[in-house]
$ cat my_file-v4.pdb   # PDB, C-alpha atoms
MODEL        1
ATOM      1  CA  MET C 737      19.967 -54.347  46.305
ATOM      2  CA  ALA C 738      18.787 -52.417  49.367
ATOM      3  CA  SER C 739      16.275 -49.747  48.390
ATOM      4  CA  GLN C 740      17.357 -46.200  49.220
ATOM      5  CA  PRO C 741      14.932 -44.021  51.233
ATOM      6  CA  GLU C 742      13.380 -41.279  49.127
ATOM      7  CA  PRO C 743      15.204 -37.926  49.355
ATOM      8  CA  VAL C 744      13.428 -35.591  51.787
ATOM      9  CA  MET C 745      12.997 -32.893  49.127
ATOM     10  CA  VAL C 746      11.051 -35.289  46.896
ATOM     11  CA  ILE C 747       8.737 -36.189  49.770
ATOM     12  CA  LYS C 748       8.203 -32.540  50.743
ATOM     13  CA  GLN C 749       7.505 -31.498  47.172
ATOM     14  CA  ARG C 750       4.937 -34.253  46.742
ATOM     15  CA  ARG C 751       3.177 -33.331  50.008
ATOM     16  CA  ASP C 752       3.157 -29.612  49.253
ATOM     17  CA  ALA C 753       1.910 -30.157  45.692
ATOM     18  CA  ALA C 754      -0.972 -32.282  47.006
ATOM     19  CA  LEU C 755      -1.869 -29.698  49.646
ATOM     20  CA  ASN C 756      -1.718 -26.794  47.196
ATOM     21  CA  ALA C 757      -3.912 -28.662  44.737
ATOM     22  CA  LEU C 758      -6.513 -29.182  47.473
ATOM     23  CA  VAL C 759      -6.578 -25.546  48.563
ATOM     24  CA  ASP C 760      -6.376 -24.054  45.055
ATOM     25  CA  GLY C 761      -9.336 -26.263  44.127
ATOM     26  CA  ILE C 762     -11.640 -24.208  46.359
ATOM     27  CA  PRO C 763     -12.274 -20.775  44.796
ATOM     28  CA  TYR C 764     -13.941 -19.455  47.970
ATOM     29  CA  ALA C 765     -10.800 -20.273  50.034
ATOM     30  CA  THR C 766      -8.768 -18.177  47.570
ATOM     31  CA  PHE C 767     -11.377 -15.393  47.747
ATOM     32  CA  LEU C 768     -10.950 -15.192  51.546
ATOM     33  CA  GLY C 769      -7.134 -15.508  51.279
ATOM     34  CA  ILE C 770      -6.922 -18.771  53.282
ATOM     35  CA  ARG C 771      -3.636 -20.708  53.059
ATOM     36  CA  PHE C 772      -2.191 -23.688  54.925
ATOM     37  CA  ASP C 773       1.073 -24.237  56.793
ATOM     38  CA  ARG C 774       2.269 -27.837  56.973
ATOM     39  CA  ARG C 775       4.572 -29.648  59.422
ATOM     40  CA  GLY C 776       4.641 -33.325  58.474
ATOM     41  CA  ASP C 777       0.965 -34.241  58.339
ATOM     42  CA  GLU C 778      -0.084 -31.428  60.714
ATOM     43  CA  LEU C 779      -1.947 -28.589  58.977
ATOM     44  CA  THR C 780      -2.567 -25.091  60.275
ATOM     45  CA  ALA C 781      -4.960 -22.908  58.332
ATOM     46  CA  VAL C 782      -4.004 -19.238  58.156
ATOM     47  CA  LEU C 783      -6.401 -16.372  57.438
ATOM     48  CA  PRO C 784      -4.394 -13.162  56.932
ATOM     49  CA  PHE C 785      -6.371 -10.127  58.069
ATOM     50  CA  ASP C 786      -7.983  -7.981  55.407
ATOM     51  CA  GLN C 787     -10.358  -5.023  55.719
ATOM     52  CA  ALA C 788     -12.928  -6.861  53.578
ATOM     53  CA  LEU C 789     -13.277  -9.507  56.328
ATOM     54  CA  ILE C 790     -14.724  -7.013  58.823
ATOM     55  CA  GLY C 791     -18.326  -7.514  59.860
ATOM     56  CA  ASN C 792     -18.969  -4.858  62.463
ATOM     57  CA  PRO C 793     -16.869  -1.761  61.671
ATOM     58  CA  LEU C 794     -17.715  -0.161  65.044
ATOM     59  CA  LEU C 795     -15.843  -2.768  67.137
ATOM     60  CA  PRO C 796     -14.119  -3.618  64.645
ATOM     61  CA  ALA C 797     -14.562  -7.408  64.439
ATOM     62  CA  ILE C 798     -14.192 -10.121  61.805
ATOM     63  CA  HIS C 799     -17.562 -11.101  60.301
ATOM     64  CA  GLY C 800     -19.069 -14.201  61.915
ATOM     65  CA  GLY C 801     -19.631 -15.577  58.438
ATOM     66  CA  VAL C 802     -15.909 -15.284  57.658
ATOM     67  CA  THR C 803     -15.117 -17.199  60.846
ATOM     68  CA  ALA C 804     -17.665 -19.858  59.868
ATOM     69  CA  ALA C 805     -16.226 -20.175  56.353
ATOM     70  CA  PHE C 806     -12.655 -20.296  57.688
ATOM     71  CA  LEU C 807     -13.509 -23.111  60.130
ATOM     72  CA  GLU C 808     -15.523 -25.065  57.573
ATOM     73  CA  THR C 809     -12.725 -24.826  54.993
ATOM     74  CA  THR C 810     -10.200 -25.999  57.601
ATOM     75  CA  ALA C 811     -12.406 -29.006  58.422
ATOM     76  CA  LEU C 812     -12.904 -29.927  54.751
ATOM     77  CA  ILE C 813      -9.219 -29.662  53.848
ATOM     78  CA  GLU C 814      -8.219 -31.728  56.915
ATOM     79  CA  LEU C 815     -10.706 -34.444  55.893
ATOM     80  CA  ARG C 816      -9.431 -34.578  52.310
ATOM     81  CA  TRP C 817      -5.823 -34.437  53.494
ATOM     82  CA  ALA C 818      -6.277 -37.352  55.927
ATOM     83  CA  GLU C 819      -7.962 -39.285  53.136
ATOM     84  CA  LEU C 820      -5.106 -38.660  50.660
ATOM     85  CA  TRP C 821      -2.250 -39.224  53.081
ATOM     86  CA  SER C 822      -1.600 -42.965  52.733
ATOM     87  CA  ALA C 823      -1.864 -42.966  48.925
ATOM     88  CA  MET C 824       0.436 -39.957  48.795
ATOM     89  CA  GLU C 825       2.989 -41.571  51.121
ATOM     90  CA  SER C 826       3.119 -44.655  48.936
ATOM     91  CA  GLY C 827       4.350 -42.400  46.158
ATOM     92  CA  ALA C 828       1.175 -41.755  44.167
ATOM     93  CA  ASP C 829       0.731 -38.337  42.568
ATOM     94  CA  VAL C 830      -2.565 -37.490  44.256
ATOM     95  CA  SER C 831      -2.546 -33.855  43.108
ATOM     96  CA  ALA C 832      -3.323 -34.989  39.559
ATOM     97  CA  ALA C 833      -6.509 -36.864  40.422
ATOM     98  CA  PRO C 834      -8.897 -34.650  42.393
ATOM     99  CA  ARG C 835     -11.665 -36.616  44.062
ATOM    100  CA  SER C 836     -15.057 -35.259  44.999
ATOM    101  CA  MET C 837     -15.231 -33.009  48.059
ATOM    102  CA  PRO C 838     -17.025 -34.265  51.175
ATOM    103  CA  LYS C 839     -20.401 -32.516  51.583
ATOM    104  CA  THR C 840     -21.189 -30.613  54.760
ATOM    105  CA  ILE C 841     -24.292 -32.005  56.487
ATOM    106  CA  ASP C 842     -24.272 -29.589  59.403
ATOM    107  CA  PHE C 843     -21.853 -27.171  61.019
ATOM    108  CA  THR C 844     -22.139 -25.631  64.494
ATOM    109  CA  ILE C 845     -19.986 -22.650  65.356
ATOM    110  CA  ASP C 846     -19.316 -21.520  68.918
ATOM    111  CA  TYR C 847     -18.241 -17.858  68.946
ATOM    112  CA  LEU C 848     -16.114 -17.489  72.084
ATOM    113  CA  ARG C 849     -14.891 -13.919  71.612
ATOM    114  CA  SER C 850     -14.946 -11.434  68.775
ATOM    115  CA  GLY C 851     -12.428 -11.904  65.971
ATOM    116  CA  LEU C 852      -9.913  -9.072  66.171
ATOM    117  CA  PRO C 853      -8.527  -7.300  63.095
ATOM    118  CA  ARG C 854      -5.491  -9.643  63.079
ATOM    119  CA  ASP C 855      -4.433 -12.858  61.350
ATOM    120  CA  ALA C 856      -6.339 -15.962  62.469
ATOM    121  CA  TYR C 857      -5.258 -19.612  62.671
ATOM    122  CA  ALA C 858      -7.161 -22.877  62.839
ATOM    123  CA  ARG C 859      -6.562 -26.594  63.242
ATOM    124  CA  ALA C 860      -9.024 -29.413  62.696
ATOM    125  CA  ARG C 861      -9.223 -32.860  64.278
ATOM    126  CA  VAL C 862     -11.085 -35.682  62.553
ATOM    127  CA  ASN C 863     -12.859 -37.362  65.470
ATOM    128  CA  ARG C 864     -14.502 -40.010  63.376
ATOM    129  CA  SER C 865     -14.204 -40.861  59.726
ATOM    130  CA  GLY C 866     -16.360 -43.717  58.510
ATOM    131  CA  ARG C 867     -17.156 -44.906  55.032
ATOM    132  CA  ARG C 868     -20.114 -42.513  54.707
ATOM    133  CA  TYR C 869     -20.001 -40.007  57.559
ATOM    134  CA  ALA C 870     -17.281 -38.023  59.283
ATOM    135  CA  SER C 871     -17.268 -35.815  62.372
ATOM    136  CA  VAL C 872     -14.671 -33.042  62.604
ATOM    137  CA  HIS C 873     -13.838 -30.533  65.335
ATOM    138  CA  VAL C 874     -12.034 -27.257  64.584
ATOM    139  CA  GLU C 875     -10.381 -24.692  66.849
ATOM    140  CA  ALA C 876      -9.441 -21.156  65.827
ATOM    141  CA  TRP C 877      -7.278 -18.616  67.605
ATOM    142  CA  GLN C 878      -5.462 -15.363  66.933
ATOM    143  CA  ASP C 879      -2.552 -14.200  69.092
ATOM    144  CA  ASN C 880      -2.650 -16.907  71.767
ATOM    145  CA  ARG C 881      -3.035 -20.586  70.929
ATOM    146  CA  ARG C 882      -4.837 -21.186  74.224
ATOM    147  CA  ARG C 883      -7.324 -18.326  73.825
ATOM    148  CA  LEU C 884      -9.662 -19.681  71.165
ATOM    149  CA  PHE C 885     -11.929 -17.108  69.519
ATOM    150  CA  ALA C 886     -14.129 -19.772  67.906
ATOM    151  CA  GLN C 887     -14.586 -23.522  67.721
ATOM    152  CA  ALA C 888     -16.865 -25.662  65.604
ATOM    153  CA  THR C 889     -18.075 -29.200  65.032
ATOM    154  CA  GLY C 890     -19.341 -30.427  61.711
ATOM    155  CA  HIS C 891     -20.671 -33.591  60.146
ATOM    156  CA  PHE C 892     -19.763 -34.470  56.587
ATOM    157  CA  LEU C 893     -21.009 -36.886  53.966
ATOM    158  CA  MET C 894     -18.035 -38.650  52.376
ATOM    159  CA  PRO C 895     -18.000 -39.093  48.589
ATOM    160  CA  SER C 896     -18.782 -42.668  47.554
ATOM    161  CA  GLN C 897     -15.586 -44.733  47.164
ATOM    162  CA  ASP C 898     -16.511 -46.153  43.780
ATOM    163  CA  GLY C 899     -18.029 -43.138  42.069
TER     164      GLY C 899
ATOM    165  CA  MET Z1457     -44.099  20.396  65.337
ATOM    166  CA  SER Z1458     -45.432  17.301  67.096
ATOM    167  CA  ASP Z1459     -43.171  14.830  68.905
ATOM    168  CA  PRO Z1460     -42.252  11.676  66.971
ATOM    169  CA  THR Z1461     -44.510   8.759  67.881
ATOM    170  CA  ASP Z1462     -43.242   5.337  68.934
ATOM    171  CA  ALA Z1463     -44.089   4.079  65.452
ATOM    172  CA  ASP Z1464     -41.976   6.865  63.934
ATOM    173  CA  ARG Z1465     -39.067   6.006  66.217
ATOM    174  CA  LEU Z1466     -39.342   2.328  65.328
ATOM    175  CA  ALA Z1467     -39.458   3.086  61.610
ATOM    176  CA  GLN Z1468     -36.385   5.288  61.992
ATOM    177  CA  ARG Z1469     -34.571   2.535  63.887
ATOM    178  CA  ASN Z1470     -35.408  -0.028  61.209
ATOM    179  CA  ALA Z1471     -34.096   2.360  58.557
ATOM    180  CA  ASN Z1472     -30.911   2.782  60.600
ATOM    181  CA  THR Z1473     -30.514  -0.997  60.877
ATOM    182  CA  LEU Z1474     -30.835  -1.353  57.101
ATOM    183  CA  ALA Z1475     -28.298   1.423  56.518
ATOM    184  CA  PHE Z1476     -25.870  -0.100  59.049
ATOM    185  CA  MET Z1477     -26.174  -3.602  57.574
ATOM    186  CA  ARG Z1478     -25.493  -2.263  54.068
ATOM    187  CA  GLU Z1479     -22.182  -0.795  55.208
ATOM    188  CA  LEU Z1480     -20.672  -3.977  56.728
ATOM    189  CA  PRO Z1481     -17.425  -4.454  54.760
ATOM    190  CA  HIS Z1482     -17.718  -8.223  54.402
ATOM    191  CA  ALA Z1483     -21.400  -8.094  53.465
ATOM    192  CA  LYS Z1484     -20.357  -5.643  50.738
ATOM    193  CA  ALA Z1485     -17.504  -7.923  49.622
ATOM    194  CA  LEU Z1486     -20.050 -10.704  49.099
ATOM    195  CA  GLY Z1487     -22.512  -8.358  47.397
ATOM    196  CA  MET Z1488     -25.137  -9.038  50.051
ATOM    197  CA  GLU Z1489     -28.329  -7.047  50.180
ATOM    198  CA  VAL Z1490     -30.446  -6.692  53.297
ATOM    199  CA  THR Z1491     -33.812  -6.103  51.652
ATOM    200  CA  GLU Z1492     -35.982  -6.167  54.802
ATOM    201  CA  ALA Z1493     -35.295  -5.681  58.504
ATOM    202  CA  ALA Z1494     -38.201  -4.874  60.790
ATOM    203  CA  ASP Z1495     -39.819  -6.217  63.971
ATOM    204  CA  GLY Z1496     -37.346  -9.048  64.463
ATOM    205  CA  ARG Z1497     -37.542 -10.378  60.924
ATOM    206  CA  ALA Z1498     -35.010  -9.861  58.131
ATOM    207  CA  VAL Z1499     -34.481 -10.893  54.508
ATOM    208  CA  THR Z1500     -31.007 -10.952  52.953
ATOM    209  CA  GLN Z1501     -30.010 -11.870  49.399
ATOM    210  CA  MET Z1502     -26.791 -12.733  47.589
ATOM    211  CA  ASP Z1503     -26.087 -13.293  43.904
ATOM    212  CA  TYR Z1504     -24.227 -16.343  42.620
ATOM    213  CA  ASP Z1505     -20.558 -15.587  41.966
ATOM    214  CA  PRO Z1506     -17.880 -17.999  40.641
ATOM    215  CA  ARG Z1507     -15.493 -16.678  43.312
ATOM    216  CA  PHE Z1508     -17.770 -18.165  46.014
ATOM    217  CA  ILE Z1509     -17.618 -21.725  44.633
ATOM    218  CA  GLY Z1510     -16.754 -24.442  47.155
ATOM    219  CA  ASP Z1511     -16.709 -27.468  44.875
ATOM    220  CA  PRO Z1512     -15.392 -26.757  41.346
ATOM    221  CA  GLU Z1513     -16.630 -30.158  40.150
ATOM    222  CA  THR Z1514     -20.256 -29.096  40.623
ATOM    223  CA  GLY Z1515     -19.965 -25.274  40.706
ATOM    224  CA  VAL Z1516     -21.916 -25.276  43.969
ATOM    225  CA  ILE Z1517     -21.356 -22.315  46.256
ATOM    226  CA  HIS Z1518     -19.242 -22.840  49.426
ATOM    227  CA  GLY Z1519     -21.125 -23.542  52.658
ATOM    228  CA  GLY Z1520     -19.179 -20.694  54.230
ATOM    229  CA  ALA Z1521     -20.756 -18.143  51.865
ATOM    230  CA  VAL Z1522     -24.200 -19.442  52.833
ATOM    231  CA  SER Z1523     -23.154 -19.228  56.514
ATOM    232  CA  ALA Z1524     -22.097 -15.607  56.036
ATOM    233  CA  LEU Z1525     -25.481 -14.809  54.459
ATOM    234  CA  MET Z1526     -27.349 -16.586  57.288
ATOM    235  CA  ASP Z1527     -25.265 -14.905  60.007
ATOM    236  CA  THR Z1528     -25.830 -11.450  58.505
ATOM    237  CA  CYS Z1529     -29.539 -12.111  58.133
ATOM    238  CA  CYS Z1530     -29.906 -13.348  61.740
ATOM    239  CA  GLY Z1531     -27.936 -10.325  63.005
ATOM    240  CA  ALA Z1532     -30.197  -7.958  61.055
ATOM    241  CA  ALA Z1533     -33.295  -9.643  62.494
ATOM    242  CA  VAL Z1534     -31.953  -9.219  66.046
ATOM    243  CA  MET Z1535     -31.022  -5.569  65.467
ATOM    244  CA  SER Z1536     -34.471  -4.851  64.081
ATOM    245  CA  HIS Z1537     -36.272  -6.331  67.105
ATOM    246  CA  PRO Z1538     -38.193  -3.618  68.977
ATOM    247  CA  ASP Z1539     -36.878  -4.865  72.374
ATOM    248  CA  ASN Z1540     -33.217  -4.729  71.345
ATOM    249  CA  PRO Z1541     -31.690  -1.544  72.742
ATOM    250  CA  GLY Z1542     -28.406  -1.739  70.872
ATOM    251  CA  THR Z1543     -26.163  -3.988  68.878
ATOM    252  CA  THR Z1544     -25.635  -7.764  68.759
ATOM    253  CA  ALA Z1545     -23.016 -10.483  68.294
ATOM    254  CA  THR Z1546     -23.332 -14.166  67.417
ATOM    255  CA  LEU Z1547     -22.970 -16.577  70.364
ATOM    256  CA  ASP Z1548     -23.524 -19.716  68.343
ATOM    257  CA  LEU Z1549     -24.916 -20.663  64.984
ATOM    258  CA  ARG Z1550     -25.810 -24.080  63.633
ATOM    259  CA  ILE Z1551     -26.298 -24.504  59.902
ATOM    260  CA  ASP Z1552     -27.956 -27.564  58.362
ATOM    261  CA  TYR Z1553     -27.284 -28.015  54.674
ATOM    262  CA  MET Z1554     -30.369 -29.605  53.111
ATOM    263  CA  ARG Z1555     -29.324 -29.659  49.457
ATOM    264  CA  PRO Z1556     -26.793 -27.928  47.174
ATOM    265  CA  ALA Z1557     -27.885 -24.485  45.964
ATOM    266  CA  LYS Z1558     -28.389 -24.449  42.190
ATOM    267  CA  PRO Z1559     -25.325 -22.844  40.537
ATOM    268  CA  GLY Z1560     -26.319 -19.492  39.039
ATOM    269  CA  ASP Z1561     -29.277 -18.883  41.333
ATOM    270  CA  ARG Z1562     -29.580 -15.921  43.690
ATOM    271  CA  ILE Z1563     -29.864 -17.078  47.323
ATOM    272  CA  THR Z1564     -32.396 -15.561  49.728
ATOM    273  CA  ALA Z1565     -32.189 -15.953  53.509
ATOM    274  CA  THR Z1566     -35.041 -15.148  55.889
ATOM    275  CA  ALA Z1567     -34.459 -14.895  59.644
ATOM    276  CA  THR Z1568     -36.905 -14.539  62.542
ATOM    277  CA  VAL Z1569     -36.266 -13.816  66.210
ATOM    278  CA  TYR Z1570     -38.572 -16.346  67.872
ATOM    279  CA  ASN Z1571     -37.657 -15.581  71.458
ATOM    280  CA  MET Z1572     -36.047 -12.615  73.114
ATOM    281  CA  THR Z1573     -34.788 -12.253  76.679
ATOM    282  CA  ARG Z1574     -32.999  -9.283  78.229
ATOM    283  CA  THR Z1575     -29.640 -10.776  77.282
ATOM    284  CA  VAL Z1576     -30.155 -13.309  74.478
ATOM    285  CA  ALA Z1577     -32.056 -13.462  71.186
ATOM    286  CA  PHE Z1578     -32.965 -16.883  69.758
ATOM    287  CA  VAL Z1579     -33.139 -16.876  65.975
ATOM    288  CA  ARG Z1580     -34.183 -19.275  63.218
ATOM    289  CA  ALA Z1581     -33.373 -18.793  59.545
ATOM    290  CA  PHE Z1582     -33.747 -20.576  56.237
ATOM    291  CA  ALA Z1583     -32.258 -20.041  52.790
ATOM    292  CA  THR Z1584     -33.634 -20.894  49.364
ATOM    293  CA  ASP Z1585     -32.593 -20.500  45.744
ATOM    294  CA  LYS Z1586     -35.164 -19.975  42.948
ATOM    295  CA  ASP Z1587     -36.944 -23.138  44.076
ATOM    296  CA  THR Z1588     -38.489 -21.535  47.156
ATOM    297  CA  ALA Z1589     -40.419 -24.662  48.152
ATOM    298  CA  ARG Z1590     -37.326 -26.596  49.236
ATOM    299  CA  PRO Z1591     -34.822 -24.895  51.579
ATOM    300  CA  VAL Z1592     -31.125 -25.025  50.678
ATOM    301  CA  ALA Z1593     -30.130 -24.598  54.325
ATOM    302  CA  THR Z1594     -31.622 -23.813  57.713
ATOM    303  CA  ALA Z1595     -29.978 -22.219  60.731
ATOM    304  CA  THR Z1596     -30.607 -21.740  64.436
ATOM    305  CA  GLY Z1597     -28.591 -19.388  66.565
ATOM    306  CA  ALA Z1598     -28.248 -17.532  69.835
ATOM    307  CA  PHE Z1599     -27.241 -13.868  69.692
ATOM    308  CA  THR Z1600     -26.139 -11.472  72.422
ATOM    309  CA  ILE Z1601     -28.146  -8.392  73.283
ATOM    310  CA  GLN Z1602     -25.753  -5.542  73.976
ATOM    311  CA  GLY Z1603     -25.955  -1.882  74.699
ATOM    312  CA  GLY Z1604     -28.946  -2.009  77.037
ATOM    313  CA  THR Z1605     -29.092   0.329  80.004
TER     314      THR Z1605
ENDMDL
END
$ encode --input "my_file-v4.pdb" --output "structure tokens"
Amino acid sequence: MASQPEPVMVIKQRRDAALNALVDGIPYATFLGIRFDRRGDELTAVLPFDQALIGNPLLPAIHGGVTAAFLETTALIELRWAELWSAMESGADVSAAPRSMPKTIDFTIDYLRSGLPRDAYARARVNRSGRRYASVHVEAWQDNRRRLFAQATGHFLMPSQDG
Amino acid sequence: MSDPTDADRLAQRNANTLAFMRELPHAKALGMEVTEAADGRAVTQMDYDPRFIGDPETGVIHGGAVSALMDTCCGAAVMSHPDNPGTTATLDLRIDYMRPAKPGDRITATATVYNMTRTVAFVRAFATDKDTARPVATATGAFTIQGGT
């Protein structure tokens, strides 16, 4: 008997459930209002503008700390997502078994222009992911994808595989 | 009535910096307190809050909340520097996370401007929880100097 491919809705539901479980597992991401859009395995973090995110009310501009938190969250979720992907695609329910989060070793943020009082978006790229250490780059923009308002690179300690 | 002295003007400016930093919407949202800001040195504190957790397994606060505290503290230090004629913005900030902050503990950040040019302030900062001997995180950053004539 030839095996039927899984219905697309089943696959989508499994992917979205796994992603939601990751994001909902970080209270600070909820506090800032961060959510994620997904196209296949590509994630885009979205930070809807809110008055409470303002740092300097005179400009007004988004607080540098908000930008830092947004970029770091994007990097962490991308790392976890990349890690879960193959298990998830083989049909495992990964949303039920949360693993430990990677730990940030260092994070360097490059503020290219001030964050405007608008929604912000970010995408992360895992440049290297070893057994113990990972290096991730993140880019964030607002109205124009090519006009980044911040970028960051971080190093992360991966949770031990057998812990 | 005598003219205000330079010391008076500086004291007034430091008071203004403190008042300005207390009104930043996001600093308020995080319950941050700028307790000192004078002569290029600032101290900023933030209480533990379950909403700021990054890893529910351990209850440890999110790195981003510590970054926000560090960034605010560095900004306050720059604004309080006697050679800074106006406001400031972060150019870059690097945070090193030394150890997880103890869940429940208040976090204190201390920032110092260690070099100042006409256009850039170079700042170092560290954060501790109740165990003040071992830093939770350290930061180094470059900040713009704006509003000069």
$ closest_residue --input "my_file-v4.pdb" --among "Z:Thr1546, Z:Asn1571, Z:Ser1536, Z:Thr1584" --to "Ala1467 in chain Z" --atoms "only C-alpha atoms"
Z:Ser1536
$ atom_distance --input "my_file-v4.pdb" --atom1 "CA of Tyr857 in chain C" --atom2 "CA of Leu884 in chain C"
9.6 Å
$ closest_atom_pairs --input "my_file-v4.pdb" --of "chain C" --to "chain Z" --cutoff "9 Å" --atoms "all atoms listed in the file" --output "JSON lines"
{"residue": "C:Gly761", "atom": "CA", "partner": "Z:Pro1512", "partner_atom": "CA", "distance": 6.7}
{"residue": "C:Ile762", "atom": "CA", "partner": "Z:Gly1510", "partner_atom": "CA", "distance": 5.2}
{"residue": "C:Pro763", "atom": "CA", "partner": "Z:Arg1507", "partner_atom": "CA", "distance": 5.4}
{"residue": "C:Tyr764", "atom": "CA", "partner": "Z:Phe1508", "partner_atom": "CA", "distance": 4.5}
{"residue": "C:Ala765", "atom": "CA", "partner": "Z:Gly1510", "partner_atom": "CA", "distance": 7.8}
{"residue": "C:Thr766", "atom": "CA", "partner": "Z:Arg1507", "partner_atom": "CA", "distance": 8.1}
{"residue": "C:Phe767", "atom": "CA", "partner": "Z:Arg1507", "partner_atom": "CA", "distance": 6.2}
{"residue": "C:Gln787", "atom": "CA", "partner": "Z:Pro1481", "partner_atom": "CA", "distance": 7.2}
{"residue": "C:Ala788", "atom": "CA", "partner": "Z:His1482", "partner_atom": "CA", "distance": 5.0}
{"residue": "C:Leu789", "atom": "CA", "partner": "Z:His1482", "partner_atom": "CA", "distance": 5.0}
{"residue": "C:Ile790", "atom": "CA", "partner": "Z:His1482", "partner_atom": "CA", "distance": 5.5}
{"residue": "C:Gly791", "atom": "CA", "partner": "Z:Leu1480", "partner_atom": "CA", "distance": 5.3}
{"residue": "C:Asn792", "atom": "CA", "partner": "Z:Leu1480", "partner_atom": "CA", "distance": 6.0}
{"residue": "C:Pro793", "atom": "CA", "partner": "Z:Leu1480", "partner_atom": "CA", "distance": 6.6}
{"residue": "C:Ile798", "atom": "CA", "partner": "Z:His1482", "partner_atom": "CA", "distance": 8.4}
{"residue": "C:His799", "atom": "CA", "partner": "Z:His1482", "partner_atom": "CA", "distance": 6.6}
{"residue": "C:Gly800", "atom": "CA", "partner": "Z:Asp1527", "partner_atom": "CA", "distance": 6.5}
{"residue": "C:Gly801", "atom": "CA", "partner": "Z:Ala1524", "partner_atom": "CA", "distance": 3.4}
{"residue": "C:Val802", "atom": "CA", "partner": "Z:Ala1524", "partner_atom": "CA", "distance": 6.4}
{"residue": "C:Thr803", "atom": "CA", "partner": "Z:Gly1520", "partner_atom": "CA", "distance": 8.5}
{"residue": "C:Ala804", "atom": "CA", "partner": "Z:Gly1520", "partner_atom": "CA", "distance": 5.9}
{"residue": "C:Ala805", "atom": "CA", "partner": "Z:Gly1520", "partner_atom": "CA", "distance": 3.7}
{"residue": "C:Phe806", "atom": "CA", "partner": "Z:Gly1520", "partner_atom": "CA", "distance": 7.4}
{"residue": "C:Leu807", "atom": "CA", "partner": "Z:Gly1520", "partner_atom": "CA", "distance": 8.5}
{"residue": "C:Glu808", "atom": "CA", "partner": "Z:Gly1520", "partner_atom": "CA", "distance": 6.6}
{"residue": "C:Thr809", "atom": "CA", "partner": "Z:Gly1520", "partner_atom": "CA", "distance": 7.7}
{"residue": "C:Ser836", "atom": "CA", "partner": "Z:Glu1513", "partner_atom": "CA", "distance": 7.2}
{"residue": "C:Met837", "atom": "CA", "partner": "Z:Asp1511", "partner_atom": "CA", "distance": 6.6}
{"residue": "C:Lys839", "atom": "CA", "partner": "Z:Tyr1553", "partner_atom": "CA", "distance": 8.8}
{"residue": "C:Thr840", "atom": "CA", "partner": "Z:Tyr1553", "partner_atom": "CA", "distance": 6.6}
{"residue": "C:Ile841", "atom": "CA", "partner": "Z:Tyr1553", "partner_atom": "CA", "distance": 5.3}
{"residue": "C:Asp842", "atom": "CA", "partner": "Z:Asp1552", "partner_atom": "CA", "distance": 4.3}
{"residue": "C:Phe843", "atom": "CA", "partner": "Z:Ile1551", "partner_atom": "CA", "distance": 5.3}
{"residue": "C:Thr844", "atom": "CA", "partner": "Z:Arg1550", "partner_atom": "CA", "distance": 4.1}
{"residue": "C:Ile845", "atom": "CA", "partner": "Z:Leu1549", "partner_atom": "CA", "distance": 5.3}
{"residue": "C:Asp846", "atom": "CA", "partner": "Z:Asp1548", "partner_atom": "CA", "distance": 4.6}
{"residue": "C:Tyr847", "atom": "CA", "partner": "Z:Leu1547", "partner_atom": "CA", "distance": 5.1}
{"residue": "C:Leu848", "atom": "CA", "partner": "Z:Leu1547", "partner_atom": "CA", "distance": 7.1}
{"residue": "C:Arg849", "atom": "CA", "partner": "Z:Leu1547", "partner_atom": "CA", "distance": 8.6}
{"residue": "C:Ser850", "atom": "CA", "partner": "Z:Ala1545", "partner_atom": "CA", "distance": 8.1}
$ resolve_selection --input "my_file-v4.pdb" --expression "the PyMOL selection byres ((chain C and resi 772-777) around 9)" --output "list in words"
Lys748, Arg751, Asp752, Leu755, Asn756, Val759, Ile770, Arg771, Glu778, Leu779, Thr780, Ala781, Val782, Leu783, Thr810, Trp817, Ala818 and Trp821 of chain C
$ closest_residue --input "my_file-v4.pdb" --among "Z:Gly1603, Z:Gly1542, Z:Gly1560, Z:Gly1496" --to "Val1516 in chain Z" --atoms "only C-alpha atoms"
Z:Gly1560
$ atom_distance --input "my_file-v4.pdb" --atom1 "CA of Pro1538 in chain Z" --atom2 "CA of Ala1463 in chain Z"
10.3 Å
$ atom_distance --input "my_file-v4.pdb" --atom1 "CA of Arg1590 in chain Z" --atom2 "CA of Thr1566 in chain Z"
13.4 Å
$ closest_residue --input "my_file-v4.pdb" --among "C:Val830, C:Val746, C:Met894, C:Ala886" --to "Arg868 in chain C" --atoms "only C-alpha atoms"
C:Met894
$ closest_residue --input "my_file-v4.pdb" --among "Z:Ala1557, Z:Val1490, Z:Ala1589, Z:Leu1466" --to "Tyr1504 in chain Z" --atoms "all atoms listed in the file"
Z:Ala1557
$ axis_aligned_box --input "my_file-v4.pdb" --around "range 742-752 of chain C" --padding-each-side "6 Å" --output "lines of an AutoDock Vina configuration file"
center_x = 9.2
center_y = -35.4
center_z = 49.3
size_x = 24.0
size_y = 23.7
size_z = 17.0
$ resolve_selection --input "my_file-v4.pdb" --expression "the PyMOL selection byres ((chain C and resi 861) around 9)" --output "list in words"
Ala811, Glu814, Leu815, Arg859, Ala860, Val862, Asn863, Arg864, Ser871, Val872, His873, Val874 and Glu875 of chain C
